[in-house]
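A.B. asks: My structure is stored as start-v1.cif, with mmCIF, C-alpha atoms.
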data_work
#
loop_
_atom_site.label_atom_id
_atom_site.label_comp_id
_atom_site.auth_asym_id
_atom_site.auth_seq_id
_atom_site.Cartn_x
_atom_site.Cartn_y
_atom_site.Cartn_z
CA MET A 222 0.00 0.00 0.00
CA GLU A 223 1.51 3.29 -1.07
CA GLU A 224 1.74 6.10 1.48
CA ARG A 225 3.51 9.44 1.56
CA ILE A 226 7.12 8.88 2.54
CA GLN A 227 6.95 11.19 5.57
CA LYS A 228 4.03 9.13 6.89
CA LEU A 229 6.00 5.91 6.52
CA ILE A 230 9.00 7.40 8.35
CA SER A 231 6.74 8.58 11.15
CA ALA A 232 4.92 5.26 11.29
CA CYS A 233 8.23 3.45 11.75
CA GLY A 234 8.90 5.61 14.80
CA LEU A 235 11.94 7.48 13.48
CA ALA A 236 10.53 11.01 13.63
CA SER A 237 7.40 13.13 13.43
CA ARG A 238 5.97 13.80 10.00
CA ARG A 239 7.20 17.40 10.12
CA THR A 240 10.74 16.28 10.93
CA ALA A 241 10.51 13.62 8.22
CA GLU A 242 9.54 16.32 5.73
CA GLU A 243 12.65 18.27 6.76
CA TRP A 244 14.79 15.17 6.19
CA ILE A 245 13.29 14.69 2.74
CA THR A 246 13.89 18.32 1.83
CA ALA A 247 17.50 18.01 3.06
CA GLY A 248 18.09 15.05 0.76
CA ARG A 249 18.56 12.52 3.57
CA VAL A 250 15.94 10.10 2.20
CA THR A 251 16.18 7.92 -0.90
CA VAL A 252 13.72 5.55 -2.55
CA ASN A 253 15.18 2.80 -4.71
CA GLY A 254 18.42 4.75 -5.01
CA GLU A 255 16.81 8.06 -5.99
CA LYS A 256 16.46 11.12 -3.78
CA ALA A 257 12.97 11.45 -2.39
CA HIS A 258 10.91 14.62 -2.76
CA LEU A 259 7.99 15.97 -0.77
CA GLY A 260 4.79 14.45 -2.08
CA ASP A 261 6.47 11.22 -3.21
CA ARG A 262 4.75 7.98 -2.25
CA ALA A 263 6.19 4.53 -1.66
CA ASP A 264 5.29 1.03 -0.53
CA LEU A 265 7.30 -0.51 2.32
CA ASP A 266 6.63 -4.01 0.95
CA ARG A 267 7.94 -3.10 -2.51
CA ASP A 268 10.33 -0.15 -2.31
CA ARG A 269 13.71 0.23 -0.60
CA ILE A 270 13.62 3.38 1.49
CA LEU A 271 16.84 4.61 3.10
CA VAL A 272 17.20 7.33 5.74
CA ASP A 273 20.80 8.49 6.06
CA GLY A 274 21.77 5.31 4.23
CA ARG A 275 19.94 2.98 6.62
CA PRO A 276 16.93 0.91 5.52
CA LEU A 277 13.52 1.93 6.83
CA GLU A 278 12.14 -1.22 8.44
CA PRO A 279 8.53 -1.96 9.43
CA GLY A 280 8.40 -2.58 13.14
CA GLY A 281 11.91 -1.30 13.77
CA GLY A 282 13.36 -4.81 13.61
CA ARG A 283 10.72 -6.43 15.83
CA THR A 284 8.94 -9.61 14.85
CA TYR A 285 5.24 -9.90 13.97
CA LEU A 286 3.74 -13.25 13.04
CA MET A 287 0.34 -14.52 11.96
CA LEU A 288 -0.38 -18.09 13.06
CA ASN A 289 -3.30 -20.27 12.08
CA LYS A 290 -3.58 -21.93 15.48
CA PRO A 291 -4.84 -25.51 15.30
CA ARG A 292 -7.15 -27.13 17.80
CA GLY A 293 -5.38 -29.03 20.56
CA CYS A 294 -2.56 -26.52 20.81
CA VAL A 295 -2.06 -24.34 23.91
CA ALA A 296 -1.71 -20.57 23.33
CA THR A 297 1.13 -20.19 25.83
CA LEU A 298 4.93 -20.24 25.76
CA SER A 299 5.15 -23.39 27.86
CA ASP A 300 2.79 -25.95 29.35
CA GLU A 301 3.25 -27.87 32.58
CA LYS A 302 1.27 -30.80 31.11
CA GLY A 303 3.65 -31.18 28.20
CA ARG A 304 1.10 -30.27 25.54
CA ARG A 305 2.13 -28.70 22.26
CA THR A 306 2.25 -24.90 22.45
CA VAL A 307 2.13 -22.11 19.89
CA SER A 308 5.74 -21.40 20.82
CA ASP A 309 6.64 -24.87 19.51
CA LEU A 310 4.95 -24.09 16.20
CA VAL A 311 6.87 -20.86 15.50
CA LYS A 312 10.25 -21.69 17.05
CA ARG A 313 11.89 -21.59 13.61
CA CYS A 314 11.26 -17.82 13.44
CA GLY A 315 14.49 -17.47 15.44
CA VAL A 316 13.34 -15.06 18.16
CA ARG A 317 11.29 -15.30 21.33
CA VAL A 318 7.74 -14.14 20.62
CA TRP A 319 4.59 -14.38 22.69
CA PRO A 320 0.90 -14.78 21.76
CA VAL A 321 -1.27 -11.66 21.80
CA GLY A 322 -4.44 -12.59 23.64
CA ARG A 323 -6.19 -15.89 24.16
CA LEU A 324 -7.37 -18.79 22.05
CA ASP A 325 -8.28 -21.75 24.22
CA LEU A 326 -7.18 -25.33 23.64
CA ASP A 327 -10.20 -26.30 21.53
CA SER A 328 -10.33 -23.07 19.50
CA GLU A 329 -8.49 -22.34 16.27
CA GLY A 330 -7.66 -19.60 13.82
CA LEU A 331 -5.92 -16.25 13.85
CA LEU A 332 -3.32 -15.65 16.54
CA ILE A 333 -0.75 -12.85 16.46
CA LEU A 334 2.66 -13.47 18.01
CA THR A 335 5.22 -10.72 18.55
CA ASP A 336 8.05 -9.41 20.67
CA ASP A 337 6.54 -5.90 20.67
CA GLY A 338 5.09 -4.96 24.06
CA ASP A 339 3.54 -1.73 22.76
CA LEU A 340 1.57 -3.57 20.09
CA THR A 341 0.49 -6.19 22.60
CA HIS A 342 -0.86 -3.46 24.89
CA ARG A 343 -2.60 -1.70 22.01
CA LEU A 344 -4.41 -4.82 20.88
CA LEU A 345 -5.38 -6.07 24.33
CA HIS A 346 -6.22 -2.97 26.36
CA PRO A 347 -10.01 -2.49 26.59
CA SER A 348 -9.73 1.25 25.87
CA HIS A 349 -8.74 0.51 22.25
CA GLU A 350 -11.80 -1.72 21.66
CA VAL A 351 -10.10 -3.84 19.00
CA GLU A 352 -12.70 -6.01 17.28
CA LYS A 353 -12.31 -9.78 17.17
CA GLU A 354 -14.46 -11.79 14.78
CA TYR A 355 -15.17 -15.50 15.18
CA LEU A 356 -16.90 -18.13 13.10
CA VAL A 357 -18.82 -20.39 15.45
CA TRP A 358 -20.59 -23.64 14.62
CA VAL A 359 -23.38 -24.36 17.12
CA THR A 360 -26.43 -26.47 17.80
CA GLY A 361 -29.54 -25.29 19.65
CA ASN A 362 -32.51 -22.97 19.26
CA LEU A 363 -31.19 -20.03 17.23
CA ASN A 364 -34.47 -18.09 17.23
CA LYS A 365 -34.25 -17.95 21.00
CA ALA A 366 -30.48 -17.51 21.19
CA LEU A 367 -29.86 -14.69 18.70
CA PRO A 368 -31.66 -11.92 20.65
CA ILE A 369 -29.76 -13.00 23.79
CA LEU A 370 -26.37 -12.95 22.06
CA SER A 371 -27.02 -9.54 20.50
CA GLY A 372 -28.46 -8.00 23.64
CA PRO A 373 -27.05 -6.98 27.04
CA MET A 374 -24.99 -9.75 28.60
CA GLU A 375 -22.78 -10.17 31.66
CA LEU A 376 -19.80 -12.35 32.48
CA ASP A 377 -18.23 -12.52 35.92
CA GLY A 378 -20.59 -9.77 37.05
CA GLU A 379 -19.32 -7.37 34.38
CA ALA A 380 -21.45 -5.98 31.56
CA LEU A 381 -20.18 -6.89 28.10
CA SER A 382 -20.04 -4.57 25.13
CA PRO A 383 -22.82 -5.60 22.73
CA ALA A 384 -21.72 -8.28 20.29
CA ARG A 385 -22.45 -8.14 16.57
CA VAL A 386 -23.97 -11.43 15.47
CA ARG A 387 -24.71 -12.58 11.92
CA ARG A 388 -26.26 -15.86 10.91
CA GLY A 389 -24.41 -17.94 8.34
CA ARG A 390 -25.10 -21.24 6.68
CA ASP A 391 -27.01 -24.12 8.21
CA SER A 392 -26.09 -27.76 7.74
CA GLY A 393 -28.82 -29.91 9.20
CA SER A 394 -28.96 -29.08 12.90
CA VAL A 395 -25.60 -27.28 12.85
CA HIS A 396 -25.70 -23.49 12.45
CA GLN A 397 -22.83 -21.17 11.59
CA LEU A 398 -22.61 -17.76 13.24
CA SER A 399 -20.27 -14.80 12.90
CA ILE A 400 -19.76 -13.20 16.32
CA THR A 401 -17.76 -9.99 16.71
CA ILE A 402 -16.71 -8.80 20.17
CA HIS A 403 -14.51 -6.04 21.57
CA GLN A 404 -13.41 -7.60 24.84
CA GLY A 405 -11.28 -10.68 25.42
CA LYS A 406 -12.54 -12.41 28.54
CA ASN A 407 -11.53 -16.02 29.10
CA ARG A 408 -13.60 -18.26 26.79
CA GLN A 409 -15.91 -15.31 26.21
CA VAL A 410 -17.65 -16.46 23.03
CA ARG A 411 -18.15 -19.99 24.32
CA ARG A 412 -19.60 -18.69 27.59
CA MET A 413 -21.87 -16.26 25.74
CA CYS A 414 -23.19 -19.10 23.61
CA ALA A 415 -23.76 -21.25 26.69
CA GLN A 416 -25.78 -18.45 28.30
CA ALA A 417 -27.90 -18.33 25.15
CA GLY A 418 -28.51 -22.09 25.27
CA LEU A 419 -26.22 -23.03 22.40
CA GLU A 420 -23.60 -25.78 22.27
CA VAL A 421 -20.40 -24.80 20.49
CA LEU A 422 -19.01 -27.48 18.19
CA ARG A 423 -16.24 -25.45 16.61
CA LEU A 424 -14.83 -21.94 17.10
CA LYS A 425 -12.45 -20.16 14.74
CA ARG A 426 -11.10 -16.60 14.98
CA ILE A 427 -10.88 -15.05 11.52
CA ARG A 428 -10.18 -11.37 12.23
CA GLU A 429 -8.51 -9.10 14.77
CA GLY A 430 -8.90 -5.40 14.09
CA THR A 431 -8.17 -4.98 10.38
CA LEU A 432 -6.16 -8.20 10.16
CA PHE A 433 -7.87 -11.21 8.56
CA LEU A 434 -6.65 -14.78 8.80
CA ASP A 435 -4.72 -15.72 5.67
CA ARG A 436 -6.77 -18.52 4.13
CA SER A 437 -3.68 -19.99 2.51
CA LEU A 438 -2.24 -20.84 5.94
CA LYS A 439 -2.93 -24.42 6.90
CA PRO A 440 -3.56 -25.21 10.60
CA GLY A 441 -0.23 -24.77 12.36
CA GLY A 442 1.15 -22.62 9.55
CA TRP A 443 2.51 -19.12 10.11
CA ARG A 444 4.08 -16.18 8.30
CA SER A 445 5.35 -12.70 9.02
CA LEU A 446 2.92 -9.81 8.79
CA THR A 447 3.43 -7.53 5.81
CA ALA A 448 4.21 -3.84 6.23
CA GLU A 449 0.75 -3.03 4.88
CA GLU A 450 -0.89 -5.27 7.47
CA LEU A 451 1.09 -3.64 10.27
CA LEU A 452 0.21 -0.13 9.15
CA ALA A 453 -3.47 -1.02 8.93
CA LEU A 454 -3.48 -2.96 12.19
CA THR A 455 -1.90 -0.36 14.45
CA GLY A 456 -1.60 2.85 12.50
CA SER A 457 2.16 2.39 12.81
CA PRO A 458 4.43 -0.61 12.32
CA GLY A 459 6.07 0.18 15.65
CA GLY A 460 2.79 -0.23 17.50
CA GLY A 461 2.59 3.44 18.51
#
Go ahead and express the file in the form of structure tokens.
C.D. replies:
Amino acid sequence: MEERIQKLISACGLASRRTAEEWITAGRVTVNGEKAHLGDRADLDRDRILVDGRPLEPGGGRTYLMLNKPRGCVATLSDEKGRRTVSDLVKRCGVRVWPVGRLDLDSEGLLILTDDGDLTHRLLHPSHEVEKEYLVWVTGNLNKALPILSGPMELDGEALSPARVRRGRDSGSVHQLSITIHQGKNRQVRRMCAQAGLEVLRLKRIREGTLFLDRSLKPGGWRSLTAEELLALTGSPGGG
């Protein structure tokens, strides 16, 4: 995704946009070997941008991964019961990363792993209200359950932000739902469904904020986030 060069420099945490504009004017910034000019646009995934001869890097050298977490895998760095963890799946990335948020043992889908504490805080802190979308396969009385799921609900004595619920395809007695929430309480979607009288057969997270699960990733597969995904996810690759 092309952006103005001063925005990319600011997004990478090197300087404010105004300072970045001064650097461009002073000839300190090049794009693919050519001096940049105010108003020029570039794509961090495609173009080589140098500031004072040093490459402009999304995330400032930190690591950002998208994992398609499989069922039966624990979303922790270690497990006292010896079960397979998400850390085991991504150990070939070469750095220590941690999972951002929860996906319980029986759940699957999108999980972000990083070594960026600022991004972790941004995605998890309730004040940012980052949306999380799940596909949920359930059995039970949907006509009765849907108004409950979409209405005021409580967990652990705390009121939940209203969920957005859409009905998907039916296959016999199994119904597919899309449920979007803002909070991240332990087993929140499963517990919401239980309150509404539904039994969850399968639960898959497909979106977090602007980031969608890459459908080409098989369960257990992972890849690095692109610069475009980082910019869209946080407003800045550095998580600020």
A.B. asks: Residues within 8 Å of stretch 431-444 of chain A, please, as a PyMOL selection string. Count only C-alpha atoms; anything in the same chain fewer than 6 positions from it doesn't count.
C.D. replies: chain A and resi 286-291+310-311+330-331+450+453-454
A.B. asks: Just C-alpha atoms for this one: save the residues we selected as a short mmCIF file (atom, residue, chain, number, x, y, z; two decimals), keeping the file's coordinate frame.
C.D. replies:
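Okay, selection.cif is ready:
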data_model
loop_
_atom_site.label_atom_id
_atom_site.label_comp_id
_atom_site.auth_asym_id
_atom_site.auth_seq_id
_atom_site.Cartn_x
_atom_site.Cartn_y
_atom_site.Cartn_z
CA LEU A 286 3.74 -13.25 13.04
CA MET A 287 0.34 -14.52 11.96
CA LEU A 288 -0.38 -18.09 13.06
CA ASN A 289 -3.30 -20.27 12.08
CA LYS A 290 -3.58 -21.93 15.48
CA PRO A 291 -4.84 -25.51 15.30
CA LEU A 310 4.95 -24.09 16.20
CA VAL A 311 6.87 -20.86 15.50
CA GLY A 330 -7.66 -19.60 13.82
CA LEU A 331 -5.92 -16.25 13.85
CA GLU A 450 -0.89 -5.27 7.47
CA ALA A 453 -3.47 -1.02 8.93
CA LEU A 454 -3.48 -2.96 12.19
#
A.B. asks: Step by step, work through what the PyMOL selection byres ((chain A and resi 412) around 12) selects in the shown file, and finish by giving those residues as a PyMOL selection string.
C.D. replies: chain A and resi 370+374-377+381+405-411+413-421+424
A.B. asks: Please provide the set of residues having any atom within 6 Å of stretch 314-329 of chain A, restricted to only C-alpha atoms, with same-chain residues fewer than 2 positions apart removed, written as a list in words.
C.D. replies: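 Final neighbour list, sorted by chain and number: Lys290, Pro291, Arg292, Gly293, Cys294, Val295, Val311, Lys312, Ile333, Leu334, Thr335, Asp336, Thr341, Leu424 and Lys425 of chain A.
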A.B. asks: Given the file shown, determine the residues that the PyMOL selection byres ((chain A and resi 223) around 8) selects; report them as number ranges by chain.
C.D. replies: A: 222, 224-225, 262-265
A.B. asks: What is the atom CA of A:Asn253-atom CA of A:Asp273 distance in Å, reported with one decimal?
C.D. replies: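 Calculated distance between atom CA of A:Asn253 and atom CA of A:Asp273 is 13.4 Å.
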A.B. asks: To one decimal place, how far is atom CA of A:His349 from atom CA of A:Glu379 in Å?
C.D. replies: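 Taking atom CA of A:His349 as the start and atom CA of A:Glu379 as the end point, the length is 17.9 Å.
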A.B. asks: As a ChimeraX atom specification, please: the residues near A:Gly372 (cut-off 8 Å, all atoms listed in the file, same-chain neighbours under 4 positions excluded).
C.D. replies: /A:368,383-384
A.B. asks: Could you check the closest approach to A:Ile402 for each of A:Gly338, A:Gly430, A:Gly389, A:Gly248 and tell me which residue wins, using only C-alpha atoms?
C.D. replies: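 Nearest to A:Ile402: A:Gly430.
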A.B. asks: Excluding A:Thr246 and its own-chain neighbours fewer than 6 positions away, which residues fall within 9 Å of it when counting only C-alpha atoms? Please give them as a list in words.
C.D. replies: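 My list of contacting residues is Ala257, His258 and Leu259 of chain A.
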A.B. asks: Find the residue from A:Leu229, A:Val307, A:Ala236, A:Ala247 that sits nearest to A:Arg269; use only C-alpha atoms when measuring.
C.D. replies: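 Going through A:Leu229, A:Val307, A:Ala236, A:Ala247 one by one, the smallest distance to A:Arg269 is for A:Leu229.
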A.B. asks: Output stretch 290-310 of chain A as a PDB file, in the coordinates of the input, making sure N, CA and C atoms are there.
C.D. replies:
ATOM      1  N   LYS A 290      -3.680 -20.998  14.341  1.00  0.00           N
ATOM      2  CA  LYS A 290      -3.580 -21.930  15.480  1.00  0.00           C
ATOM      3  C   LYS A 290      -4.517 -23.123  15.262  1.00  0.00           C
ATOM      4  N   PRO A 291      -3.976 -24.325  15.401  1.00  0.00           N
ATOM      5  CA  PRO A 291      -4.840 -25.510  15.300  1.00  0.00           C
ATOM      6  C   PRO A 291      -5.487 -25.844  16.633  1.00  0.00           C
ATOM      7  N   ARG A 292      -6.552 -26.611  16.573  1.00  0.00           N
ATOM      8  CA  ARG A 292      -7.150 -27.130  17.800  1.00  0.00           C
ATOM      9  C   ARG A 292      -6.180 -28.097  18.479  1.00  0.00           C
ATOM     10  N   GLY A 293      -6.246 -28.134  19.813  1.00  0.00           N
ATOM     11  CA  GLY A 293      -5.380 -29.030  20.560  1.00  0.00           C
ATOM     12  C   GLY A 293      -4.017 -28.464  20.858  1.00  0.00           C
ATOM     13  N   CYS A 294      -3.834 -27.186  20.568  1.00  0.00           N
ATOM     14  CA  CYS A 294      -2.560 -26.520  20.810  1.00  0.00           C
ATOM     15  C   CYS A 294      -2.791 -25.405  21.837  1.00  0.00           C
ATOM     16  N   VAL A 295      -1.896 -25.296  22.816  1.00  0.00           N
ATOM     17  CA  VAL A 295      -2.060 -24.340  23.910  1.00  0.00           C
ATOM     18  C   VAL A 295      -1.442 -22.995  23.509  1.00  0.00           C
ATOM     19  N   ALA A 296      -2.189 -21.911  23.703  1.00  0.00           N
ATOM     20  CA  ALA A 296      -1.710 -20.570  23.330  1.00  0.00           C
ATOM     21  C   ALA A 296      -0.866 -19.961  24.441  1.00  0.00           C
ATOM     22  N   THR A 297       0.201 -20.662  24.811  1.00  0.00           N
ATOM     23  CA  THR A 297       1.130 -20.190  25.830  1.00  0.00           C
ATOM     24  C   THR A 297       2.551 -20.493  25.363  1.00  0.00           C
ATOM     25  N   LEU A 298       3.536 -19.988  26.109  1.00  0.00           N
ATOM     26  CA  LEU A 298       4.930 -20.240  25.760  1.00  0.00           C
ATOM     27  C   LEU A 298       5.412 -21.593  26.256  1.00  0.00           C
ATOM     28  N   SER A 299       4.804 -22.077  27.333  1.00  0.00           N
ATOM     29  CA  SER A 299       5.150 -23.390  27.860  1.00  0.00           C
ATOM     30  C   SER A 299       3.924 -23.981  28.521  1.00  0.00           C
ATOM     31  N   ASP A 300       3.941 -25.288  28.743  1.00  0.00           N
ATOM     32  CA  ASP A 300       2.790 -25.950  29.350  1.00  0.00           C
ATOM     33  C   ASP A 300       3.261 -27.027  30.309  1.00  0.00           C
ATOM     34  N   GLU A 301       2.796 -26.935  31.550  1.00  0.00           N
ATOM     35  CA  GLU A 301       3.250 -27.870  32.580  1.00  0.00           C
ATOM     36  C   GLU A 301       2.777 -29.302  32.312  1.00  0.00           C
ATOM     37  N   LYS A 302       1.774 -29.468  31.427  1.00  0.00           N
ATOM     38  CA  LYS A 302       1.270 -30.800  31.110  1.00  0.00           C
ATOM     39  C   LYS A 302       1.964 -31.398  29.891  1.00  0.00           C
ATOM     40  N   GLY A 303       2.904 -30.650  29.330  1.00  0.00           N
ATOM     41  CA  GLY A 303       3.650 -31.180  28.200  1.00  0.00           C
ATOM     42  C   GLY A 303       2.925 -31.131  26.870  1.00  0.00           C
ATOM     43  N   ARG A 304       1.833 -30.365  26.800  1.00  0.00           N
ATOM     44  CA  ARG A 304       1.100 -30.270  25.540  1.00  0.00           C
ATOM     45  C   ARG A 304       1.815 -29.352  24.556  1.00  0.00           C
ATOM     46  N   ARG A 305       1.519 -29.530  23.285  1.00  0.00           N
ATOM     47  CA  ARG A 305       2.130 -28.700  22.260  1.00  0.00           C
ATOM     48  C   ARG A 305       1.656 -27.256  22.425  1.00  0.00           C
ATOM     49  N   THR A 306       2.567 -26.310  22.286  1.00  0.00           N
ATOM     50  CA  THR A 306       2.250 -24.900  22.450  1.00  0.00           C
ATOM     51  C   THR A 306       2.461 -24.153  21.136  1.00  0.00           C
ATOM     52  N   VAL A 307       1.912 -22.934  21.075  1.00  0.00           N
ATOM     53  CA  VAL A 307       2.130 -22.110  19.890  1.00  0.00           C
ATOM     54  C   VAL A 307       3.593 -21.732  19.740  1.00  0.00           C
ATOM     55  N   SER A 308       4.310 -21.673  20.865  1.00  0.00           N
ATOM     56  CA  SER A 308       5.740 -21.400  20.820  1.00  0.00           C
ATOM     57  C   SER A 308       6.473 -22.510  20.069  1.00  0.00           C
ATOM     58  N   ASP A 309       6.032 -23.753  20.241  1.00  0.00           N
ATOM     59  CA  ASP A 309       6.640 -24.870  19.510  1.00  0.00           C
ATOM     60  C   ASP A 309       6.434 -24.712  18.007  1.00  0.00           C
ATOM     61  N   LEU A 310       5.277 -24.193  17.620  1.00  0.00           N
ATOM     62  CA  LEU A 310       4.950 -24.090  16.200  1.00  0.00           C
ATOM     63  C   LEU A 310       5.803 -23.060  15.470  1.00  0.00           C
TER      64      LEU A 310
END
